[in-house]
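Asker: Below is the file start00.txt, with compact mmCIF, C-alpha atoms.
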# COMPACT_ATOMS: atom_id res chain seq x y z
CA MET A 421 4.54 -30.37 17.52
CA ASP A 422 2.10 -28.85 15.01
CA LYS A 423 1.87 -25.17 14.12
CA GLU A 424 -1.36 -24.56 16.04
CA SER A 425 0.23 -25.82 19.26
CA ILE A 426 3.12 -23.42 18.75
CA LEU A 427 0.78 -20.52 18.09
CA GLN A 428 -1.21 -21.35 21.21
CA ASP A 429 2.01 -21.05 23.21
CA VAL A 430 2.71 -17.73 21.49
CA ARG A 431 -0.71 -16.44 22.55
CA GLN A 432 0.00 -17.40 26.13
CA TYR A 433 3.47 -15.85 25.99
CA CYS A 434 2.01 -12.61 24.65
CA ARG A 435 -0.57 -12.43 27.42
CA GLU A 436 2.13 -12.98 30.04
CA HIS A 437 4.93 -10.80 28.65
CA HIS A 438 3.42 -8.17 26.35
CA GLY A 439 0.62 -6.77 28.45
CA ARG A 440 0.64 -3.07 29.18
CA GLY A 441 0.65 -1.89 32.75
CA ASP A 442 -1.75 0.79 33.93
CA TYR A 443 -0.48 4.34 33.55
CA ARG A 444 0.25 6.31 36.70
CA PRO A 445 0.89 10.09 36.79
CA GLY A 446 4.60 10.67 36.39
CA ASP A 447 5.11 7.71 34.07
CA ARG A 448 6.51 8.55 30.65
CA VAL A 449 3.87 9.73 28.17
CA GLN A 450 5.20 8.79 24.75
CA TYR A 451 4.23 10.75 21.65
CA ALA A 452 3.67 7.45 19.80
CA GLY A 453 4.03 3.71 20.18
CA ARG A 454 3.10 0.26 18.96
CA VAL A 455 -0.39 -0.98 19.72
CA TYR A 456 -0.70 -4.72 19.26
CA ASN A 457 -1.74 -7.98 20.88
CA GLU A 458 -1.37 -11.72 20.36
CA GLU A 459 -2.76 -11.50 16.82
CA GLU A 460 0.33 -9.70 15.55
CA LEU A 461 2.70 -12.07 17.34
CA CYS A 462 0.90 -15.16 16.02
CA SER A 463 0.89 -13.79 12.50
CA LEU A 464 4.61 -13.00 12.75
CA VAL A 465 5.48 -16.47 14.09
CA ASP A 466 3.27 -18.12 11.48
CA ALA A 467 5.27 -16.39 8.74
CA ALA A 468 8.57 -17.23 10.45
CA LEU A 469 7.67 -20.92 10.69
CA ASP A 470 7.11 -20.99 6.93
CA PHE A 471 10.61 -19.45 6.61
CA TRP A 472 9.79 -17.64 3.38
CA LEU A 473 12.13 -14.78 4.21
CA THR A 474 11.33 -12.34 1.41
CA ALA A 475 8.00 -11.15 -0.01
CA GLY A 476 5.43 -13.94 -0.26
CA GLU A 477 1.81 -14.77 0.47
CA TYR A 478 1.49 -12.42 3.45
CA THR A 479 2.84 -9.61 1.26
CA LYS A 480 0.17 -10.27 -1.36
CA GLN A 481 -2.50 -10.39 1.35
CA PHE A 482 -1.31 -7.13 2.89
CA GLU A 483 -1.09 -5.32 -0.44
CA LYS A 484 -4.63 -6.37 -1.35
CA GLY A 485 -5.95 -5.49 2.10
CA LEU A 486 -4.46 -2.00 2.07
CA ALA A 487 -5.59 -1.38 -1.51
CA ASP A 488 -9.14 -2.43 -0.58
CA TYR A 489 -9.10 -0.16 2.47
CA LEU A 490 -7.97 2.79 0.37
CA GLY A 491 -10.32 1.99 -2.51
CA ILE A 492 -7.55 1.89 -5.08
CA PRO A 493 -6.44 -0.97 -7.37
CA PHE A 494 -2.65 -1.10 -7.00
CA CYS A 495 -0.46 -1.25 -3.89
CA SER A 496 3.19 -2.23 -3.42
CA LEU A 497 4.70 -3.01 -0.03
CA VAL A 498 8.23 -1.64 0.46
CA CYS A 499 10.82 -1.50 3.23
CA SER A 500 10.03 2.02 4.57
CA GLY A 501 8.03 5.16 4.02
CA SER A 502 11.20 6.89 2.87
CA ALA A 503 11.69 4.13 0.28
CA ALA A 504 8.09 4.66 -0.78
CA ASN A 505 8.77 8.33 -1.47
CA LEU A 506 11.98 7.46 -3.32
CA LEU A 507 10.09 5.00 -5.52
CA ALA A 508 7.26 7.44 -6.17
CA VAL A 509 9.58 10.21 -7.36
CA SER A 510 11.84 7.77 -9.24
CA ALA A 511 8.81 6.38 -11.07
CA LEU A 512 8.13 9.78 -12.60
CA THR A 513 11.61 9.72 -14.20
CA SER A 514 10.85 6.49 -16.10
CA PRO A 515 11.27 6.64 -19.90
CA LEU A 516 8.07 4.60 -20.16
CA LEU A 517 6.19 7.86 -19.43
CA GLY A 518 7.26 9.40 -22.73
CA GLU A 519 6.72 13.16 -22.85
CA ARG A 520 5.61 13.21 -19.19
CA GLN A 521 8.90 11.74 -17.98
CA LEU A 522 10.65 13.99 -15.46
CA ARG A 523 14.17 14.87 -16.53
CA ARG A 524 17.21 16.23 -14.74
CA GLY A 525 16.68 19.83 -13.70
CA ASP A 526 12.88 19.69 -13.78
CA GLU A 527 11.22 21.41 -10.84
CA VAL A 528 9.03 19.82 -8.17
CA LEU A 529 6.95 22.01 -5.86
CA THR A 530 7.01 21.06 -2.18
CA VAL A 531 7.38 22.56 1.30
CA ALA A 532 10.32 22.83 3.69
CA ALA A 533 8.19 22.43 6.83
CA GLY A 534 8.04 18.65 7.05
CA PHE A 535 9.98 15.42 7.09
CA PRO A 536 13.22 15.38 5.05
CA THR A 537 12.50 12.24 3.04
CA THR A 538 9.56 13.94 1.35
CA VAL A 539 12.16 16.21 -0.26
CA ALA A 540 15.31 14.08 -0.42
CA PRO A 541 14.15 11.94 -3.40
CA ILE A 542 13.68 15.07 -5.49
CA VAL A 543 17.36 15.92 -5.08
CA GLN A 544 18.47 12.29 -5.32
CA CYS A 545 16.72 11.95 -8.68
CA GLY A 546 18.45 15.02 -10.11
CA LEU A 547 15.36 17.22 -9.89
CA LYS A 548 15.06 20.66 -8.30
CA PRO A 549 12.85 21.15 -5.23
CA VAL A 550 10.99 24.45 -5.17
CA PHE A 551 9.88 25.40 -1.68
CA VAL A 552 6.52 27.06 -1.15
CA ASP A 553 5.58 28.56 2.20
CA VAL A 554 2.96 27.02 4.47
CA LYS A 555 0.03 28.58 6.27
CA LEU A 556 -1.16 28.55 9.84
CA PRO A 557 -2.71 26.99 11.76
CA ASP A 558 -2.49 23.59 10.00
CA CYS A 559 1.07 24.07 8.65
CA ASN A 560 0.04 22.73 5.23
CA VAL A 561 1.02 24.30 1.91
CA ASP A 562 -0.36 27.78 1.20
CA VAL A 563 -2.15 26.99 -2.05
CA SER A 564 -2.44 30.69 -2.92
CA LEU A 565 1.32 30.67 -3.59
CA LEU A 566 1.40 27.79 -6.08
CA GLU A 567 0.78 29.88 -9.20
CA GLN A 568 3.66 32.28 -8.53
CA ALA A 569 5.95 29.35 -7.67
CA ARG A 570 5.39 27.62 -11.01
CA THR A 571 7.71 28.05 -13.99
CA ASP A 572 7.98 26.37 -17.38
CA ARG A 573 10.23 23.75 -15.73
CA THR A 574 7.67 22.79 -13.06
CA ARG A 575 6.58 19.21 -13.70
CA ALA A 576 5.32 17.78 -10.40
CA VAL A 577 4.09 18.48 -6.88
CA ILE A 578 4.86 16.36 -3.79
CA LEU A 579 3.22 17.31 -0.51
CA ALA A 580 2.56 15.65 2.83
CA HIS A 581 -0.66 15.89 4.82
CA THR A 582 0.75 17.56 7.91
CA LEU A 583 0.33 15.40 11.02
CA GLY A 584 -2.71 13.72 9.46
CA CYS A 585 -4.58 16.90 8.51
CA PRO A 586 -5.19 16.93 4.73
CA PHE A 587 -3.90 19.85 2.69
CA ASP A 588 -6.35 21.52 0.30
CA LEU A 589 -6.54 18.59 -2.09
CA ALA A 590 -9.19 20.15 -4.29
CA ALA A 591 -7.08 23.23 -4.96
CA VAL A 592 -3.83 21.30 -5.43
CA ARG A 593 -5.45 18.71 -7.73
CA ALA A 594 -7.01 21.49 -9.82
CA PHE A 595 -3.65 23.26 -10.07
CA CYS A 596 -1.93 20.07 -11.20
CA ASP A 597 -4.64 19.31 -13.74
CA LYS A 598 -4.48 22.84 -15.12
CA TYR A 599 -0.78 22.53 -15.94
CA GLY A 600 -0.45 18.78 -16.51
CA LEU A 601 1.64 18.19 -13.39
CA TRP A 602 2.12 14.93 -11.52
CA LEU A 603 0.87 14.89 -7.91
CA ILE A 604 2.41 12.68 -5.21
CA GLU A 605 0.63 12.60 -1.85
CA ASP A 606 2.98 11.79 1.01
CA ASN A 607 0.34 10.08 3.14
CA CYS A 608 2.81 8.73 5.71
CA ASP A 609 1.27 10.70 8.59
CA ALA A 610 -2.34 10.54 7.43
CA LEU A 611 -3.41 6.95 6.74
CA GLY A 612 -7.19 6.84 7.10
CA ALA A 613 -7.75 10.56 6.55
CA GLU A 614 -10.50 11.52 4.10
CA TYR A 615 -11.20 14.39 1.75
CA ARG A 616 -14.44 15.19 -0.06
CA MET A 617 -13.91 15.59 -3.81
CA GLY A 618 -16.93 16.35 -5.98
CA GLY A 619 -19.24 15.36 -3.14
CA VAL A 620 -17.52 11.98 -2.66
CA TRP A 621 -15.34 11.16 0.35
CA ARG A 622 -12.00 9.66 -0.70
CA LYS A 623 -9.07 8.43 1.34
CA THR A 624 -6.04 10.70 1.23
CA GLY A 625 -3.26 9.20 -0.86
CA THR A 626 -5.70 8.24 -3.62
CA VAL A 627 -6.42 11.67 -5.12
CA GLY A 628 -2.88 12.14 -6.41
CA ASP A 629 -1.23 10.09 -9.13
CA LEU A 630 0.75 8.28 -6.43
CA GLY A 631 0.36 7.96 -2.67
CA THR A 632 2.83 6.75 -0.05
CA SER A 633 2.61 5.36 3.48
CA SER A 634 5.00 4.57 6.32
CA PHE A 635 4.59 1.69 8.76
CA TYR A 636 7.33 2.67 11.20
CA PRO A 637 6.23 1.93 14.79
CA ALA A 638 5.13 5.54 15.36
CA HIS A 639 2.67 5.49 12.49
CA HIS A 640 -1.00 4.59 12.14
CA ILE A 641 -0.19 0.91 11.72
CA THR A 642 3.21 -0.75 11.93
CA THR A 643 5.16 -3.52 10.28
CA GLY A 644 8.31 -2.54 12.20
CA GLU A 645 10.07 -1.03 9.24
CA GLY A 646 7.91 -0.73 6.14
CA GLY A 647 5.96 1.42 3.75
CA ALA A 648 3.80 1.30 0.65
CA VAL A 649 3.24 3.02 -2.68
CA TYR A 650 -0.23 2.99 -4.20
CA THR A 651 -1.82 4.26 -7.39
CA GLY A 652 -4.78 3.90 -9.70
CA ASN A 653 -2.54 4.13 -12.76
CA PRO A 654 -1.53 0.69 -14.14
CA LEU A 655 1.55 2.05 -15.93
CA LEU A 656 2.84 3.76 -12.79
CA HIS A 657 2.18 0.52 -10.88
CA ARG A 658 4.26 -1.43 -13.40
CA ILE A 659 7.08 1.11 -13.08
CA ILE A 660 6.94 1.01 -9.26
CA ARG A 661 7.16 -2.79 -9.24
CA SER A 662 10.11 -2.71 -11.65
CA LEU A 663 12.02 -0.10 -9.65
CA ARG A 664 11.25 -1.84 -6.35
CA ASP A 665 12.45 -5.22 -7.68
CA TRP A 666 15.95 -4.42 -9.00
CA GLY A 667 14.63 -2.64 -12.11
CA ARG A 668 13.67 -5.88 -13.83
CA ASP A 669 11.24 -5.98 -16.71
CA CYS A 670 9.67 -9.31 -15.71
CA VAL A 671 6.50 -9.16 -13.61
CA CYS A 672 6.71 -12.70 -12.23
CA SER A 673 6.81 -12.81 -8.42
CA GLY A 674 9.95 -13.87 -6.61
CA GLY A 675 10.43 -17.62 -6.75
CA GLU A 676 8.17 -17.92 -9.81
CA ASP A 677 9.46 -18.70 -13.30
CA GLY A 678 7.68 -18.14 -16.58
CA THR A 679 4.16 -17.48 -15.33
CA CYS A 680 3.65 -15.22 -18.36
CA GLY A 681 4.56 -18.08 -20.72
CA HIS A 682 7.11 -15.96 -22.62
CA ARG A 683 10.24 -16.23 -20.53
CA PHE A 684 12.53 -17.14 -23.45
CA THR A 685 10.75 -15.68 -26.47
CA GLY A 686 11.14 -11.90 -26.23
CA ARG A 687 13.46 -9.29 -27.71
CA PHE A 688 14.67 -6.61 -25.32
CA GLY A 689 17.09 -3.78 -26.02
CA ALA A 690 20.26 -5.07 -27.70
CA LEU A 691 20.08 -8.44 -25.94
CA PRO A 692 19.98 -11.72 -27.89
CA VAL A 693 16.50 -12.86 -28.87
CA GLY A 694 15.06 -15.09 -26.17
CA TYR A 695 17.33 -13.80 -23.39
CA ASP A 696 15.95 -14.95 -20.03
CA HIS A 697 13.26 -12.38 -19.20
CA LYS A 698 13.85 -12.92 -15.47
CA TYR A 699 17.15 -11.09 -15.99
CA VAL A 700 16.06 -8.28 -18.29
CA TYR A 701 16.19 -4.80 -16.70
CA SER A 702 14.06 -1.92 -17.98
CA HIS A 703 15.06 0.50 -15.19
CA LEU A 704 18.08 1.23 -13.02
CA GLY A 705 16.26 0.08 -9.92
CA TYR A 706 16.69 -0.94 -6.31
CA ASN A 707 15.76 -3.77 -3.99
CA LEU A 708 13.25 -2.10 -1.68
CA LYS A 709 10.97 -5.04 -0.83
CA ALA A 710 9.85 -5.82 2.68
CA THR A 711 9.89 -9.32 4.18
CA ASP A 712 6.88 -11.57 4.55
CA MET A 713 7.34 -11.45 8.31
CA GLN A 714 6.83 -7.69 8.24
CA ALA A 715 3.82 -8.13 5.99
CA ALA A 716 2.39 -10.70 8.42
CA VAL A 717 2.42 -8.12 11.23
CA GLY A 718 0.82 -5.64 8.84
CA VAL A 719 -2.02 -8.02 7.97
CA ALA A 720 -2.99 -8.21 11.64
CA GLN A 721 -2.60 -4.45 12.05
CA LEU A 722 -4.87 -3.72 9.08
CA GLU A 723 -7.75 -5.36 10.93
CA LYS A 724 -7.33 -2.77 13.68
CA LEU A 725 -6.82 0.27 11.44
CA PRO A 726 -10.41 1.63 11.54
CA GLU A 727 -10.36 1.42 15.34
CA PHE A 728 -6.92 3.06 15.48
CA VAL A 729 -8.08 5.97 13.33
CA ALA A 730 -11.19 6.44 15.46
CA ARG A 731 -9.12 6.49 18.66
CA ARG A 732 -6.73 9.06 17.21
CA ARG A 733 -9.66 11.31 16.36
CA GLU A 734 -11.18 10.88 19.81
CA ASN A 735 -7.89 11.69 21.54
CA TRP A 736 -7.35 14.77 19.38
CA VAL A 737 -10.84 16.07 20.14
CA PHE A 738 -10.25 15.54 23.87
CA LEU A 739 -7.07 17.63 23.83
CA ARG A 740 -8.62 20.31 21.64
CA ARG A 741 -11.52 20.78 24.06
CA ALA A 742 -9.41 20.50 27.19
CA LEU A 743 -6.87 23.05 25.95
CA GLU A 744 -9.46 25.57 24.77
CA PRO A 745 -8.51 27.92 27.66
CA LEU A 746 -5.10 28.32 25.98
CA GLU A 747 -6.42 29.74 22.71
CA GLY A 748 -4.93 33.10 23.69
CA ASN A 749 -1.50 31.43 23.73
CA LEU A 750 -1.79 28.77 21.03
CA LEU A 751 -3.02 28.21 17.50
CA PHE A 752 -4.67 24.85 16.82
CA PRO A 753 -5.38 23.27 13.39
CA ALA A 754 -8.93 23.84 12.14
CA PRO A 755 -9.89 21.25 9.49
CA GLY A 756 -12.31 22.39 6.80
CA SER A 757 -15.74 20.91 6.10
CA ASP A 758 -14.30 18.81 3.25
CA SER A 759 -11.57 17.33 5.42
CA ASN A 760 -11.70 14.48 7.94
CA PRO A 761 -8.20 14.12 9.43
CA SER A 762 -6.59 10.96 10.73
CA TRP A 763 -4.43 12.67 13.29
CA PHE A 764 -0.80 11.71 13.76
CA GLY A 765 -0.30 14.19 16.58
CA PHE A 766 -1.75 17.22 18.33
CA LEU A 767 -0.10 20.27 16.79
CA MET A 768 0.25 23.58 18.63
CA THR A 769 1.82 26.83 17.42
CA VAL A 770 2.60 29.42 20.07
CA ARG A 771 1.22 32.82 19.15
CA PRO A 772 3.75 35.66 18.87
CA GLU A 773 1.93 37.58 21.62
CA SER A 774 1.95 34.64 24.04
CA PRO A 775 3.81 35.36 27.31
CA VAL A 776 4.95 31.70 27.31
CA SER A 777 7.35 30.58 24.56
CA ARG A 778 7.41 27.29 22.68
CA ASP A 779 10.63 26.36 24.45
CA ALA A 780 9.06 27.04 27.83
CA PHE A 781 6.09 24.78 27.09
CA VAL A 782 8.36 22.05 25.72
CA SER A 783 10.81 22.22 28.63
CA TYR A 784 7.99 22.00 31.15
CA LEU A 785 6.36 19.02 29.45
CA GLU A 786 9.62 17.15 28.93
CA GLY A 787 10.60 17.91 32.52
CA HIS A 788 7.39 16.18 33.60
CA ASN A 789 7.99 13.08 31.47
CA ILE A 790 5.72 14.09 28.57
CA GLN A 791 7.32 13.51 25.18
CA THR A 792 7.11 16.31 22.61
CA ARG A 793 8.26 16.75 19.02
CA PRO A 794 8.87 19.76 16.76
CA LEU A 795 7.22 19.76 13.35
CA PHE A 796 10.00 17.53 12.02
CA ALA A 797 12.62 19.58 10.12
CA GLY A 798 10.93 22.91 10.80
CA ASN A 799 12.66 24.55 7.84
CA LEU A 800 14.64 21.93 5.94
CA THR A 801 16.68 24.52 4.02
CA ARG A 802 18.36 25.57 7.29
CA HIS A 803 19.70 22.07 8.04
CA PRO A 804 23.30 20.91 7.47
CA CYS A 805 22.19 18.68 4.58
CA PHE A 806 21.34 21.80 2.59
CA GLN A 807 24.52 23.72 3.31
CA ASN A 808 26.32 22.19 0.33
CA LEU A 809 23.39 22.80 -2.02
CA ARG A 810 23.23 26.04 -3.98
CA GLU A 811 20.08 28.11 -3.77
CA GLY A 812 18.91 28.94 -7.25
CA GLU A 813 20.78 26.06 -8.88
CA ASP A 814 20.09 22.99 -6.73
CA TYR A 815 16.87 24.27 -5.16
CA ARG A 816 14.68 27.34 -5.24
CA ILE A 817 12.62 29.21 -2.65
CA ALA A 818 9.45 30.68 -4.13
CA GLY A 819 9.04 34.02 -2.39
CA THR A 820 9.85 33.67 1.29
CA LEU A 821 9.54 30.99 3.96
CA THR A 822 8.35 33.37 6.64
CA VAL A 823 5.64 31.13 8.04
CA THR A 824 7.90 28.09 7.73
CA ASP A 825 10.39 29.84 10.01
CA GLN A 826 7.57 30.67 12.40
CA VAL A 827 6.70 26.97 12.50
CA MET A 828 10.36 26.11 13.09
CA ASN A 829 10.50 28.48 16.06
CA ASN A 830 7.04 28.22 17.58
CA SER A 831 5.37 24.88 16.74
CA PHE A 832 5.42 21.56 18.61
CA TRP A 833 3.16 18.58 19.14
CA VAL A 834 2.23 15.80 21.51
CA GLY A 835 0.81 12.36 20.86
CA VAL A 836 -2.71 11.11 20.20
CA TYR A 837 -1.85 7.52 19.27
CA PRO A 838 -4.36 4.75 20.11
CA GLY A 839 -2.39 3.50 23.10
CA MET A 840 -2.87 6.74 25.01
CA GLU A 841 -5.10 6.31 28.04
CA ARG A 842 -7.42 9.06 29.24
CA ALA A 843 -5.13 9.63 32.24
CA MET A 844 -2.24 10.38 29.87
CA LEU A 845 -4.30 12.96 28.00
CA GLU A 846 -5.36 14.50 31.30
CA GLU A 847 -1.72 14.68 32.38
CA ILE A 848 -0.77 16.52 29.18
CA THR A 849 -3.65 18.95 29.69
CA GLN A 850 -2.80 19.59 33.32
CA LYS A 851 0.85 20.33 32.60
CA MET A 852 0.04 22.60 29.66
CA LEU A 853 -2.39 24.61 31.79
CA GLU A 854 0.07 24.75 34.69
CA ARG A 855 2.82 26.15 32.49
CA ALA A 856 0.54 28.72 30.89
CA ASP A 857 -0.58 29.93 34.33
CA ARG A 858 3.02 30.68 35.33
CA GLN A 859 3.23 33.28 32.51
CA VAL A 860 7.04 33.53 32.61
Output the file's structure as structure tokens, nothing else.

Answerer:
Amino acid sequence: MDKESILQDVRQYCREHHGRGDYRPGDRVQYAGRVYNEEELCSLVDAALDFWLTAGEYTKQFEKGLADYLGIPFCSLVCSGSAANLLAVSALTSPLLGERQLRRGDEVLTVAAGFPTTVAPIVQCGLKPVFVDVKLPDCNVDVSLLEQARTDRTRAVILAHTLGCPFDLAAVRAFCDKYGLWLIEDNCDALGAEYRMGGVWRKTGTVGDLGTSSFYPAHHITTGEGGAVYTGNPLLHRIIRSLRDWGRDCVCSGGEDGTCGHRFTGRFGALPVGYDHKYVYSHLGYNLKATDMQAAVGVAQLEKLPEFVARRRENWVFLRRALEPLEGNLLFPAPGSDSNPSWFGFLMTVRPESPVSRDAFVSYLEGHNIQTRPLFAGNLTRHPCFQNLREGEDYRIAGTLTVTDQVMNNSFWVGVYPGMERAMLEEITQKMLERADRQV
């Protein structure tokens, strides 16, 4: 049996076993989910039949495809979005950066209202997170607070684009440039979002020194588990590849030997002259590669990404218009003229004067089979993982986190992913309006 015959059977199997049934009111409305067809399954099986189990040709194809989409030269596929953030922060501690190397105790500005693995790498790398409050209604960093948060130890900024709505990139980039700070954009919830810089629209994740993505099934595209780090800086790219691939100095791909022509001729550290360059390590690294099978799914997903982003925007606009009668109860994000979000979810913050609480809305929706989510950690500093960290020594809060606590108590979101049918959006709208009408 040849490969094409097998793939033809896979296509038929997909049509028979992976089709989605029509939604009926009362069915579960997920906040997110995989959207795929026979193309992803065929790509996955094609990679499996080659049985190249680690990174290979599909990985190279995916990395180039994502880099081209973003308009940036360098992209590295990794095993998760969390790993991408770990690599991005770790890269800034590389001695290859000279005077710009981040060292133990240096401060990194960030926010507590987000996902924990935006912040965790800061602590894991021996750096000190400094938490700046966010602003409503978009729950992104309050850029007016950055100046007062900075000290002589501040060396970097890492921020996420909240639920696909870009933070004020122009202001943050200008702040970083003013003080010579590194900027990492956590782009895990915003793939495809755009921001206008100097009159030119750029994809989020490409304005900072490093950008990161997640390809977990809930995200804009999926490889199952997976993520990416991307940059326009060739030195940072070299460091990322070294840290991702065990910390090795050699740039030859896995399974390749001596493509540089100098495998046994170099001098490195205190090693003997000519020590095998394949086993020379310039960083204390990790193994954070993804498999070629994951990359194969990603290659098929990349073809659908523009359509996915468009559908997310359409679904968000539908909910925003349909829920306009609830503006007295709820705050909705309001993107600026220089921002074109790629929405991860539909965020709502219950106003303090609303007669209906966040918990009441959430309970009603969940009770009617509509999945909701809080804004991730809400306030990360209040979680058990921070109880053994010392404020002032291990982390610092710049001013107060008053709005962050408001987000923790009053914000929630529902899905806008491409697999949502109009009937699902109408069901969300109906239940939101019903609960608001009850007023108690």

Asker: Looking at all atoms listed in the file, which of A:Pro755, A:Pro536, A:Val543, A:Lys709 is the one that sits closest to Tyr615 of chain A?

Answerer: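 Of the candidates, the smallest distance to Tyr615 of chain A is held by A:Pro755.
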
Asker: Nearest to Leu739 of chain A: which of A:Cys672, A:Leu767, A:Val719, A:Leu800 is it, counting all atoms listed in the file?

Answerer: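 The shortest atom-to-atom distance to Leu739 of chain A comes from A:Leu767.
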
Asker: List as number ranges by chain the protein and nucleic acid residues near Ile492 of chain A, meaning an atom at most 8 Å away when all atoms listed in the file are counted, but skip any in the same chain fewer than 5 places from it.

Answerer: A: 487, 626, 650-652

Asker: So how many Å separate atom CA of Glu483 of chain A and atom CA of Ala716 of chain A, to one decimal?

Answerer: 10.9 Å

Asker: Between A:Ser783, A:Ser634, A:Asn457, A:Thr769, which one has atoms that come closest to Val823 of chain A, using only C-alpha atoms?

Answerer: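 Selected residue with least distance to Val823 of chain A: A:Thr769.
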